[in-house]
>>> print(open('query37.pdb').read())   # PDB, C-alpha atoms
ATOM      1  CA  MET A  15      90.455 -21.491 -70.695  1.00  0.00           C
ATOM      2  CA  ASN A  16      90.034 -22.766 -67.148  1.00  0.00           C
ATOM      3  CA  LEU A  17      87.304 -22.157 -64.568  1.00  0.00           C
ATOM      4  CA  GLU A  18      89.045 -19.221 -62.898  1.00  0.00           C
ATOM      5  CA  THR A  19      89.623 -17.419 -66.210  1.00  0.00           C
ATOM      6  CA  VAL A  20      86.043 -17.912 -67.369  1.00  0.00           C
ATOM      7  CA  MET A  21      84.656 -16.662 -64.051  1.00  0.00           C
ATOM      8  CA  GLN A  22      86.813 -13.552 -64.357  1.00  0.00           C
ATOM      9  CA  GLU A  23      85.571 -12.949 -67.901  1.00  0.00           C
ATOM     10  CA  LEU A  24      81.952 -13.398 -66.846  1.00  0.00           C
ATOM     11  CA  GLU A  25      82.383 -11.023 -63.928  1.00  0.00           C
ATOM     12  CA  ALA A  26      83.821  -8.386 -66.257  1.00  0.00           C
ATOM     13  CA  LEU A  27      80.739  -8.719 -68.488  1.00  0.00           C
ATOM     14  CA  GLY A  28      78.313  -8.249 -65.601  1.00  0.00           C
ATOM     15  CA  LYS A  29      76.087  -5.177 -65.312  1.00  0.00           C
ATOM     16  CA  GLU A  30      74.192  -4.063 -62.227  1.00  0.00           C
ATOM     17  CA  ARG A  31      71.021  -3.315 -64.186  1.00  0.00           C
ATOM     18  CA  THR A  32      70.966  -6.816 -65.715  1.00  0.00           C
ATOM     19  CA  LYS A  33      71.698  -8.317 -62.314  1.00  0.00           C
ATOM     20  CA  LYS A  34      68.642  -6.586 -60.824  1.00  0.00           C
ATOM     21  CA  ILE A  35      66.447  -7.849 -63.681  1.00  0.00           C
ATOM     22  CA  TYR A  36      67.600 -11.428 -63.056  1.00  0.00           C
ATOM     23  CA  GLN A  37      67.030 -11.041 -59.319  1.00  0.00           C
ATOM     24  CA  SER A  38      63.496  -9.757 -59.919  1.00  0.00           C
ATOM     25  CA  ASN A  39      62.836 -13.010 -61.805  1.00  0.00           C
ATOM     26  CA  GLY A  40      64.142 -15.238 -59.038  1.00  0.00           C
ATOM     27  CA  ALA A  41      67.938 -15.337 -59.355  1.00  0.00           C
ATOM     28  CA  HIS A  42      69.944 -14.886 -56.168  1.00  0.00           C
ATOM     29  CA  GLU A  43      73.563 -14.369 -55.219  1.00  0.00           C
ATOM     30  CA  PRO A  44      76.087 -15.247 -56.428  1.00  0.00           C
ATOM     31  CA  LEU A  45      75.571 -13.726 -59.879  1.00  0.00           C
ATOM     32  CA  PHE A  46      77.173 -11.036 -62.048  1.00  0.00           C
ATOM     33  CA  GLY A  47      74.343  -9.944 -64.332  1.00  0.00           C
ATOM     34  CA  VAL A  48      75.675 -10.982 -67.748  1.00  0.00           C
ATOM     35  CA  ALA A  49      73.387 -10.457 -70.748  1.00  0.00           C
ATOM     36  CA  THR A  50      72.996 -13.720 -72.647  1.00  0.00           C
ATOM     37  CA  GLY A  51      74.073 -12.069 -75.899  1.00  0.00           C
ATOM     38  CA  GLY A  52      77.244 -10.917 -74.192  1.00  0.00           C
ATOM     39  CA  MET A  53      78.287 -14.531 -73.715  1.00  0.00           C
ATOM     40  CA  LYS A  54      78.587 -15.272 -77.430  1.00  0.00           C
ATOM     41  CA  PRO A  55      82.183 -14.034 -77.916  1.00  0.00           C
ATOM     42  CA  LEU A  56      83.235 -16.141 -74.919  1.00  0.00           C
ATOM     43  CA  PHE A  57      81.466 -19.179 -76.369  1.00  0.00           C
ATOM     44  CA  ARG A  58      83.316 -18.723 -79.662  1.00  0.00           C
ATOM     45  CA  LYS A  59      86.605 -18.969 -77.768  1.00  0.00           C
ATOM     46  CA  ILE A  60      85.625 -22.108 -75.857  1.00  0.00           C
ATOM     47  CA  LYS A  61      83.067 -23.969 -78.033  1.00  0.00           C
ATOM     48  CA  ASN A  62      81.614 -27.107 -76.403  1.00  0.00           C
ATOM     49  CA  ASN A  63      83.493 -28.214 -73.308  1.00  0.00           C
ATOM     50  CA  GLN A  64      81.594 -30.570 -71.009  1.00  0.00           C
ATOM     51  CA  PRO A  65      84.209 -30.813 -68.200  1.00  0.00           C
ATOM     52  CA  LEU A  66      84.324 -27.003 -67.963  1.00  0.00           C
ATOM     53  CA  ALA A  67      80.519 -26.822 -68.169  1.00  0.00           C
ATOM     54  CA  GLU A  68      80.272 -29.152 -65.171  1.00  0.00           C
ATOM     55  CA  GLN A  69      82.682 -26.987 -63.182  1.00  0.00           C
ATOM     56  CA  LEU A  70      80.753 -23.826 -64.033  1.00  0.00           C
ATOM     57  CA  TYR A  71      77.379 -25.340 -63.181  1.00  0.00           C
ATOM     58  CA  ALA A  72      78.699 -26.526 -59.811  1.00  0.00           C
ATOM     59  CA  THR A  73      79.633 -22.972 -58.763  1.00  0.00           C
ATOM     60  CA  GLY A  74      76.009 -22.049 -58.036  1.00  0.00           C
ATOM     61  CA  ASN A  75      76.652 -18.689 -59.733  1.00  0.00           C
ATOM     62  CA  TYR A  76      73.657 -17.991 -61.983  1.00  0.00           C
ATOM     63  CA  ASP A  77      75.673 -16.576 -64.898  1.00  0.00           C
ATOM     64  CA  ALA A  78      78.160 -19.445 -64.706  1.00  0.00           C
ATOM     65  CA  MET A  79      75.315 -21.972 -64.619  1.00  0.00           C
ATOM     66  CA  TYR A  80      73.686 -20.355 -67.653  1.00  0.00           C
ATOM     67  CA  PHE A  81      76.983 -20.306 -69.546  1.00  0.00           C
ATOM     68  CA  ALA A  82      77.458 -23.975 -68.620  1.00  0.00           C
ATOM     69  CA  GLY A  83      74.365 -24.692 -70.698  1.00  0.00           C
ATOM     70  CA  VAL A  84      75.808 -22.693 -73.592  1.00  0.00           C
ATOM     71  CA  ILE A  85      79.065 -24.673 -73.747  1.00  0.00           C
ATOM     72  CA  ALA A  86      77.693 -28.063 -72.642  1.00  0.00           C
ATOM     73  CA  ASP A  87      78.028 -31.111 -74.864  1.00  0.00           C
ATOM     74  CA  PRO A  88      74.529 -32.634 -74.486  1.00  0.00           C
ATOM     75  CA  GLY A  89      75.581 -35.897 -76.120  1.00  0.00           C
ATOM     76  CA  ALA A  90      78.126 -36.440 -73.364  1.00  0.00           C
ATOM     77  CA  MET A  91      75.513 -36.092 -70.612  1.00  0.00           C
ATOM     78  CA  SER A  92      73.704 -39.061 -69.058  1.00  0.00           C
ATOM     79  CA  GLU A  93      70.292 -39.122 -67.404  1.00  0.00           C
ATOM     80  CA  ALA A  94      72.074 -38.961 -64.050  1.00  0.00           C
ATOM     81  CA  ASP A  95      73.866 -35.795 -65.167  1.00  0.00           C
ATOM     82  CA  PHE A  96      70.556 -34.161 -66.075  1.00  0.00           C
ATOM     83  CA  GLU A  97      69.050 -35.212 -62.755  1.00  0.00           C
ATOM     84  CA  ARG A  98      71.984 -33.548 -61.006  1.00  0.00           C
ATOM     85  CA  TRP A  99      71.518 -30.381 -63.056  1.00  0.00           C
ATOM     86  CA  ILE A 100      67.756 -30.155 -62.519  1.00  0.00           C
ATOM     87  CA  ASP A 101      68.204 -30.682 -58.771  1.00  0.00           C
ATOM     88  CA  LYS A 102      70.443 -27.582 -58.678  1.00  0.00           C
ATOM     89  CA  ALA A 103      68.167 -25.496 -60.908  1.00  0.00           C
ATOM     90  CA  TYR A 104      66.623 -23.282 -58.248  1.00  0.00           C
ATOM     91  CA  PHE A 105      64.375 -21.126 -60.463  1.00  0.00           C
ATOM     92  CA  TYR A 106      62.724 -21.288 -63.853  1.00  0.00           C
ATOM     93  CA  MET A 107      65.421 -19.531 -65.906  1.00  0.00           C
ATOM     94  CA  LEU A 108      67.698 -22.446 -65.042  1.00  0.00           C
ATOM     95  CA  SER A 109      65.160 -25.272 -65.203  1.00  0.00           C
ATOM     96  CA  ASP A 110      63.438 -24.159 -68.422  1.00  0.00           C
ATOM     97  CA  TYR A 111      66.133 -22.232 -70.295  1.00  0.00           C
ATOM     98  CA  VAL A 112      69.308 -24.104 -69.327  1.00  0.00           C
ATOM     99  CA  VAL A 113      68.490 -27.664 -68.288  1.00  0.00           C
ATOM    100  CA  ALA A 114      65.462 -28.197 -70.568  1.00  0.00           C
ATOM    101  CA  VAL A 115      67.211 -26.600 -73.546  1.00  0.00           C
ATOM    102  CA  THR A 116      70.315 -28.758 -73.096  1.00  0.00           C
ATOM    103  CA  LEU A 117      68.210 -31.887 -72.624  1.00  0.00           C
ATOM    104  CA  ALA A 118      66.319 -31.108 -75.850  1.00  0.00           C
ATOM    105  CA  GLU A 119      69.501 -31.782 -77.837  1.00  0.00           C
ATOM    106  CA  THR A 120      69.772 -35.394 -76.637  1.00  0.00           C
ATOM    107  CA  ASP A 121      68.276 -38.749 -77.634  1.00  0.00           C
ATOM    108  CA  ILE A 122      66.911 -39.237 -74.102  1.00  0.00           C
ATOM    109  CA  ALA A 123      64.939 -35.978 -74.057  1.00  0.00           C
ATOM    110  CA  GLN A 124      61.434 -37.438 -74.160  1.00  0.00           C
ATOM    111  CA  GLU A 125      62.236 -40.263 -71.741  1.00  0.00           C
ATOM    112  CA  VAL A 126      63.655 -37.902 -69.107  1.00  0.00           C
ATOM    113  CA  SER A 127      60.995 -35.242 -69.650  1.00  0.00           C
ATOM    114  CA  ASP A 128      58.216 -37.795 -69.169  1.00  0.00           C
ATOM    115  CA  LYS A 129      59.642 -38.670 -65.742  1.00  0.00           C
ATOM    116  CA  TRP A 130      59.915 -35.026 -64.762  1.00  0.00           C
ATOM    117  CA  ILE A 131      56.356 -34.242 -65.854  1.00  0.00           C
ATOM    118  CA  ALA A 132      55.125 -37.103 -63.654  1.00  0.00           C
ATOM    119  CA  SER A 133      57.287 -36.066 -60.679  1.00  0.00           C
ATOM    120  CA  GLY A 134      54.894 -33.636 -59.008  1.00  0.00           C
ATOM    121  CA  ILE A 135      57.832 -31.282 -58.387  1.00  0.00           C
ATOM    122  CA  GLU A 136      57.179 -27.781 -59.769  1.00  0.00           C
ATOM    123  CA  LEU A 137      60.450 -27.012 -61.559  1.00  0.00           C
ATOM    124  CA  LYS A 138      60.956 -30.582 -62.751  1.00  0.00           C
ATOM    125  CA  MET A 139      57.459 -30.543 -64.233  1.00  0.00           C
ATOM    126  CA  SER A 140      58.119 -27.134 -65.754  1.00  0.00           C
ATOM    127  CA  ALA A 141      61.398 -28.336 -67.264  1.00  0.00           C
ATOM    128  CA  GLY A 142      59.724 -31.450 -68.665  1.00  0.00           C
ATOM    129  CA  TRP A 143      56.937 -29.529 -70.396  1.00  0.00           C
ATOM    130  CA  SER A 144      59.426 -26.895 -71.560  1.00  0.00           C
ATOM    131  CA  CYS A 145      61.702 -29.537 -73.050  1.00  0.00           C
ATOM    132  CA  TYR A 146      58.815 -30.781 -75.181  1.00  0.00           C
ATOM    133  CA  CYS A 147      58.285 -27.194 -76.352  1.00  0.00           C
ATOM    134  CA  TRP A 148      61.922 -26.963 -77.435  1.00  0.00           C
ATOM    135  CA  LEU A 149      61.656 -30.358 -79.141  1.00  0.00           C
ATOM    136  CA  LEU A 150      58.394 -29.677 -80.983  1.00  0.00           C
ATOM    137  CA  GLY A 151      59.649 -26.287 -82.083  1.00  0.00           C
ATOM    138  CA  ASN A 152      62.803 -27.747 -83.617  1.00  0.00           C
ATOM    139  CA  ARG A 153      62.425 -31.378 -84.685  1.00  0.00           C
ATOM    140  CA  PRO A 154      60.379 -32.793 -87.582  1.00  0.00           C
ATOM    141  CA  ASP A 155      56.783 -33.739 -86.766  1.00  0.00           C
ATOM    142  CA  SER A 156      57.592 -37.315 -87.774  1.00  0.00           C
ATOM    143  CA  GLU A 157      59.770 -37.760 -84.662  1.00  0.00           C
ATOM    144  CA  PHE A 158      56.746 -37.615 -82.363  1.00  0.00           C
ATOM    145  CA  SER A 159      53.870 -39.964 -81.639  1.00  0.00           C
ATOM    146  CA  LYS A 160      50.642 -38.163 -82.499  1.00  0.00           C
ATOM    147  CA  GLU A 161      48.792 -40.268 -79.928  1.00  0.00           C
ATOM    148  CA  LYS A 162      51.302 -39.403 -77.207  1.00  0.00           C
ATOM    149  CA  ILE A 163      51.195 -35.660 -77.861  1.00  0.00           C
ATOM    150  CA  ALA A 164      47.381 -35.794 -77.997  1.00  0.00           C
ATOM    151  CA  GLY A 165      47.380 -37.516 -74.615  1.00  0.00           C
ATOM    152  CA  MET A 166      49.650 -34.827 -73.222  1.00  0.00           C
ATOM    153  CA  LEU A 167      47.257 -32.136 -74.422  1.00  0.00           C
ATOM    154  CA  GLU A 168      44.463 -33.915 -72.556  1.00  0.00           C
ATOM    155  CA  LEU A 169      46.655 -34.110 -69.448  1.00  0.00           C
ATOM    156  CA  VAL A 170      47.234 -30.362 -69.594  1.00  0.00           C
ATOM    157  CA  LYS A 171      43.504 -29.713 -70.024  1.00  0.00           C
ATOM    158  CA  ASN A 172      42.651 -31.871 -67.004  1.00  0.00           C
ATOM    159  CA  THR A 173      45.379 -30.770 -64.585  1.00  0.00           C
ATOM    160  CA  ILE A 174      46.527 -27.233 -65.392  1.00  0.00           C
ATOM    161  CA  GLN A 175      44.185 -25.410 -63.021  1.00  0.00           C
ATOM    162  CA  ASP A 176      45.693 -27.215 -60.015  1.00  0.00           C
ATOM    163  CA  ALA A 177      49.321 -27.099 -61.209  1.00  0.00           C
ATOM    164  CA  PRO A 178      51.992 -24.905 -59.557  1.00  0.00           C
ATOM    165  CA  ASP A 179      52.551 -21.512 -61.209  1.00  0.00           C
ATOM    166  CA  ARG A 180      55.765 -22.220 -63.102  1.00  0.00           C
ATOM    167  CA  THR A 181      54.316 -25.483 -64.356  1.00  0.00           C
ATOM    168  CA  LYS A 182      51.247 -23.570 -65.571  1.00  0.00           C
ATOM    169  CA  TYR A 183      53.505 -21.302 -67.653  1.00  0.00           C
ATOM    170  CA  ALA A 184      55.170 -24.313 -69.264  1.00  0.00           C
ATOM    171  CA  MET A 185      51.865 -26.119 -69.847  1.00  0.00           C
ATOM    172  CA  ILE A 186      50.328 -23.087 -71.571  1.00  0.00           C
ATOM    173  CA  ASN A 187      53.470 -22.844 -73.677  1.00  0.00           C
ATOM    174  CA  PHE A 188      53.080 -26.533 -74.539  1.00  0.00           C
ATOM    175  CA  ILE A 189      49.536 -26.007 -75.849  1.00  0.00           C
ATOM    176  CA  SER A 190      50.754 -23.009 -77.858  1.00  0.00           C
ATOM    177  CA  THR A 191      53.762 -24.862 -79.246  1.00  0.00           C
ATOM    178  CA  VAL A 192      51.686 -27.853 -80.350  1.00  0.00           C
ATOM    179  CA  GLY A 193      49.209 -25.459 -81.955  1.00  0.00           C
ATOM    180  CA  VAL A 194      51.916 -23.575 -83.825  1.00  0.00           C
ATOM    181  CA  SER A 195      54.717 -26.059 -84.506  1.00  0.00           C
ATOM    182  CA  TYR A 196      53.119 -29.529 -84.597  1.00  0.00           C
ATOM    183  CA  LEU A 197      50.736 -29.439 -87.537  1.00  0.00           C
ATOM    184  CA  PRO A 198      49.142 -32.906 -87.039  1.00  0.00           C
ATOM    185  CA  LEU A 199      47.485 -31.621 -83.848  1.00  0.00           C
ATOM    186  CA  HIS A 200      47.016 -27.921 -84.625  1.00  0.00           C
ATOM    187  CA  ASP A 201      43.232 -28.191 -84.543  1.00  0.00           C
ATOM    188  CA  LYS A 202      43.165 -30.184 -81.303  1.00  0.00           C
ATOM    189  CA  ALA A 203      45.584 -27.779 -79.596  1.00  0.00           C
ATOM    190  CA  ALA A 204      43.524 -24.789 -80.710  1.00  0.00           C
ATOM    191  CA  ALA A 205      40.341 -26.421 -79.403  1.00  0.00           C
ATOM    192  CA  ILE A 206      41.939 -27.263 -76.052  1.00  0.00           C
ATOM    193  CA  ALA A 207      43.333 -23.738 -75.779  1.00  0.00           C
ATOM    194  CA  GLU A 208      39.774 -22.432 -76.158  1.00  0.00           C
ATOM    195  CA  GLU A 209      38.446 -24.943 -73.641  1.00  0.00           C
ATOM    196  CA  VAL A 210      41.131 -24.184 -71.043  1.00  0.00           C
ATOM    197  CA  GLY A 211      40.733 -20.432 -71.546  1.00  0.00           C
ATOM    198  CA  PRO A 212      42.806 -17.858 -69.635  1.00  0.00           C
ATOM    199  CA  VAL A 213      44.766 -19.413 -66.753  1.00  0.00           C
ATOM    200  CA  GLU A 214      45.623 -17.302 -63.721  1.00  0.00           C
ATOM    201  CA  VAL A 215      49.159 -17.312 -62.307  1.00  0.00           C
ATOM    202  CA  ASN A 216      50.611 -15.478 -59.315  1.00  0.00           C
ATOM    203  CA  ARG A 217      47.165 -15.406 -57.759  1.00  0.00           C
ATOM    204  CA  ASP A 218      46.800 -13.241 -54.650  1.00  0.00           C
ATOM    205  CA  THR A 219      49.839 -11.148 -55.557  1.00  0.00           C
ATOM    206  CA  ALA A 220      50.341  -7.764 -57.203  1.00  0.00           C
ATOM    207  CA  LYS A 221      51.783  -9.605 -60.232  1.00  0.00           C
ATOM    208  CA  SER A 222      48.688 -11.736 -60.861  1.00  0.00           C
ATOM    209  CA  LYS A 223      48.046 -12.265 -64.567  1.00  0.00           C
ATOM    210  CA  PHE A 224      46.295 -14.550 -67.020  1.00  0.00           C
ATOM    211  CA  LEU A 225      47.914 -16.769 -69.669  1.00  0.00           C
ATOM    212  CA  ASP A 226      45.972 -17.664 -72.805  1.00  0.00           C
ATOM    213  CA  ALA A 227      47.324 -20.155 -75.356  1.00  0.00           C
ATOM    214  CA  SER A 228      44.585 -19.207 -77.840  1.00  0.00           C
ATOM    215  CA  VAL A 229      46.086 -15.762 -78.268  1.00  0.00           C
ATOM    216  CA  SER A 230      49.541 -17.138 -79.140  1.00  0.00           C
ATOM    217  CA  ILE A 231      48.155 -19.688 -81.586  1.00  0.00           C
ATOM    218  CA  GLN A 232      45.961 -17.115 -83.313  1.00  0.00           C
ATOM    219  CA  LYS A 233      48.833 -14.619 -83.617  1.00  0.00           C
ATOM    220  CA  ALA A 234      50.995 -17.270 -85.280  1.00  0.00           C
ATOM    221  CA  ALA A 235      48.157 -18.188 -87.643  1.00  0.00           C
ATOM    222  CA  ASP A 236      47.597 -14.537 -88.555  1.00  0.00           C
ATOM    223  CA  LYS A 237      51.291 -14.169 -89.383  1.00  0.00           C
ATOM    224  CA  GLY A 238      51.374 -17.351 -91.489  1.00  0.00           C
ATOM    225  CA  ARG A 239      53.763 -19.034 -89.048  1.00  0.00           C
ATOM    226  CA  LEU A 240      51.942 -22.321 -88.478  1.00  0.00           C
ATOM    227  CA  GLY A 241      54.441 -25.141 -88.842  1.00  0.00           C
ATOM    228  CA  PHE A 242      57.320 -22.925 -87.681  1.00  0.00           C
ATOM    229  CA  LYS A 243      60.482 -24.770 -86.628  1.00  0.00           C
ATOM    230  CA  ARG A 244      63.617 -23.271 -85.109  1.00  0.00           C
ATOM    231  CA  ARG A 245      66.849 -24.122 -86.845  1.00  0.00           C
ATOM    232  CA  TYR A 246      68.646 -24.494 -83.525  1.00  0.00           C
ATOM    233  CA  VAL A 247      67.492 -25.114 -79.957  1.00  0.00           C
ATOM    234  CA  ARG A 248      70.400 -23.407 -78.227  1.00  0.00           C
ATOM    235  CA  CYS A 249      71.321 -19.910 -79.384  1.00  0.00           C
TER     236      CYS A 249
END
>>> encode(input="query37.pdb", output="structure tokens")
Amino acid sequence: MNLETVMQELEALGKERTKKIYQSNGAHEPLFGVATGGMKPLFRKIKNNQPLAEQLYATGNYDAMYFAGVIADPGAMSEADFERWIDKAYFYMLSDYVVAVTLAETDIAQEVSDKWIASGIELKMSAGWSCYCWLLGNRPDSEFSKEKIAGMLELVKNTIQDAPDRTKYAMINFISTVGVSYLPLHDKAAAIAEEVGPVEVNRDTAKSKFLDASVSIQKAADKGRLGFKRRYVRC
């Protein structure tokens, strides 16, 4: 299948209701409004195809960019490729659920994420923290430095209140993910979650709300899910 054919198939799968939901979360034109589950039959036809993924991502169409992440071959992507992708990720559903997810399937995931976390740029920081969440929730605990992850927890504790909103979401998720999926630091993550407490996002807007990592960690503990690992990162 070529770019034109895939775009036609995606357009046919689009629904106005889904489109409006995506737009309410930050997506903008062009987009079709394709449910992520609706992309699976198309993926089965194409499988991994990095050249086509690059063409789709370059369109700027949200659904095409998302599907690019579905069919991407992460092992064929360099750090420069990921930098190009993150620079075009204009809202969190692309930065955290396309770019970060794809990066999490590579050997350079931690190296690139560390740079993004230190960048001071909201969506890069968000993608970096999110990538660690995907990694910790999928890979064996032995692949991570306990000292490094502990240091990252301390960084979250010390900087989250002044972080941009989308970065706050990802940082709270990081505390939760360490607490649930990285058993060597469960106790430390739970303690830091308590110390950080509820974190306000979207302040001064009608959508203001509080995020609390303690709640997520406790729910997982109550359900006997501590140590949970996903079988796959990408769906």
>>> closest_residue(input="query37.pdb", among="A:Val20, A:Tyr36, A:Ala41, A:Lys29", to="Lys59 in chain A", atoms="only C-alpha atoms")
A:Val20
>>> resolve_selection(input="query37.pdb", expression="the PyMOL selection byres ((chain A and resi 241) around 8)", output="PyMOL selection string")
chain A and resi 194-197+239-240+242-243
>>> write_last_selection(input="query37.pdb", atoms="C-alpha atoms", output="JSON list (two decimals), in the coordinates of the input")
[["chain", "number", "residue", "atom", "x", "y", "z"],
["A", 194, "VAL", "CA", 51.92, -23.58, -83.82],
["A", 195, "SER", "CA", 54.72, -26.06, -84.51],
["A", 196, "TYR", "CA", 53.12, -29.53, -84.60],
["A", 197, "LEU", "CA", 50.74, -29.44, -87.54],
["A", 239, "ARG", "CA", 53.76, -19.03, -89.05],
["A", 240, "LEU", "CA", 51.94, -22.32, -88.48],
["A", 242, "PHE", "CA", 57.32, -22.92, -87.68],
["A", 243, "LYS", "CA", 60.48, -24.77, -86.63]]
>>> atom_distance(input="query37.pdb", atom1="CA of Phe46 in chain A", atom2="CA of Cys145 in chain A")
26.5 Å
>>> residues_near_point(input="query37.pdb", point="(78.3, -19.8, -65.2)", cutoff="9 Å", atoms="only C-alpha atoms", output="short mmCIF file (atom, residue, chain, number, x, y, z; two decimals) with C-alpha atoms, in the coordinates of the input")
data_model
loop_
_atom_site.label_atom_id
_atom_site.label_comp_id
_atom_site.auth_asym_id
_atom_site.auth_seq_id
_atom_site.Cartn_x
_atom_site.Cartn_y
_atom_site.Cartn_z
CA VAL A 20 86.04 -17.91 -67.37
CA MET A 21 84.66 -16.66 -64.05
CA LEU A 24 81.95 -13.40 -66.85
CA LEU A 45 75.57 -13.73 -59.88
CA ALA A 67 80.52 -26.82 -68.17
CA GLN A 69 82.68 -26.99 -63.18
CA LEU A 70 80.75 -23.83 -64.03
CA TYR A 71 77.38 -25.34 -63.18
CA ALA A 72 78.70 -26.53 -59.81
CA THR A 73 79.63 -22.97 -58.76
CA GLY A 74 76.01 -22.05 -58.04
CA ASN A 75 76.65 -18.69 -59.73
CA TYR A 76 73.66 -17.99 -61.98
CA ASP A 77 75.67 -16.58 -64.90
CA ALA A 78 78.16 -19.44 -64.71
CA MET A 79 75.32 -21.97 -64.62
CA TYR A 80 73.69 -20.36 -67.65
CA PHE A 81 76.98 -20.31 -69.55
CA ALA A 82 77.46 -23.98 -68.62
CA GLY A 83 74.36 -24.69 -70.70
#
>>> closest_residue(input="query37.pdb", among="A:Phe224, A:Ala26, A:Thr116, A:Ile231", to="Gln64 in chain A", atoms="all atoms listed in the file")
A:Thr116
>>> resolve_selection(input="query37.pdb", expression="the PyMOL selection byres ((chain A and resi 86-99) around 12)", output="count of residues only")
58
>>> residues_around(input="query37.pdb", residues="Glu23 in chain A", least_positions_apart="6", cutoff="10 Å", atoms="only C-alpha atoms", output="MDAnalysis selection string")
chainID A and resid 17 53 56
>>> axis_aligned_box(input="query37.pdb", around="range 76-79 of chain A", padding_each_side="4 Å", output="lines of an AutoDock Vina configuration file")
center_x = 75.9
center_y = -19.3
center_z = -63.4
size_x = 12.5
size_y = 13.4
size_z = 10.9
>>> atom_distance(input="query37.pdb", atom1="CA of Lys221 in chain A", atom2="CA of Ala234 in chain A")
26.2 Å
>>> atom_distance(input="query37.pdb", atom1="CA of Asp201 in chain A", atom2="CA of Ser228 in chain A")
11.3 Å
>>> decode(input="query37.pdb", residues="range 72-102 of chain A", atoms="C-alpha atoms", output="JSON list (two decimals), in the first residue's frame")
[["chain", "number", "residue", "atom", "x", "y", "z"],
["A", 72, "ALA", "CA", 5.25, 14.09, 7.48],
["A", 73, "THR", "CA", 1.65, 14.77, 6.39],
["A", 74, "GLY", "CA", 0.83, 16.61, 9.62],
["A", 75, "ASN", "CA", -2.52, 14.78, 9.67],
["A", 76, "TYR", "CA", -3.08, 13.61, 13.25],
["A", 77, "ASP", "CA", -4.52, 10.19, 12.33],
["A", 78, "ALA", "CA", -1.73, 9.59, 9.81],
["A", 79, "MET", "CA", 0.88, 10.60, 12.38],
["A", 80, "TYR", "CA", -0.63, 8.24, 14.95],
["A", 81, "PHE", "CA", -0.76, 5.39, 12.43],
["A", 82, "ALA", "CA", 2.88, 6.13, 11.55],
["A", 83, "GLY", "CA", 3.73, 5.15, 15.12],
["A", 84, "VAL", "CA", 1.73, 1.94, 14.75],
["A", 85, "ILE", "CA", 3.61, 0.76, 11.64],
["A", 86, "ALA", "CA", 7.02, 2.26, 12.47],
["A", 87, "ASP", "CA", 10.09, 0.06, 12.75],
["A", 88, "PRO", "CA", 11.72, 1.55, 15.89],
["A", 89, "GLY", "CA", 14.98, -0.32, 15.29],
["A", 90, "ALA", "CA", 15.39, 1.48, 11.98],
["A", 91, "MET", "CA", 15.08, 4.92, 13.59],
["A", 92, "SER", "CA", 18.09, 6.98, 14.70],
["A", 93, "GLU", "CA", 18.23, 9.64, 17.40],
["A", 94, "ALA", "CA", 17.96, 12.25, 14.65],
["A", 95, "ASP", "CA", 14.75, 10.60, 13.42],
["A", 96, "PHE", "CA", 13.25, 10.79, 16.91],
["A", 97, "GLU", "CA", 14.29, 14.43, 17.24],
["A", 98, "ARG", "CA", 12.51, 15.14, 13.96],
["A", 99, "TRP", "CA", 9.39, 13.33, 15.17],
["A", 100, "ILE", "CA", 9.28, 15.04, 18.57],
["A", 101, "ASP", "CA", 9.73, 18.45, 16.93],
["A", 102, "LYS", "CA", 6.56, 17.81, 14.89]]
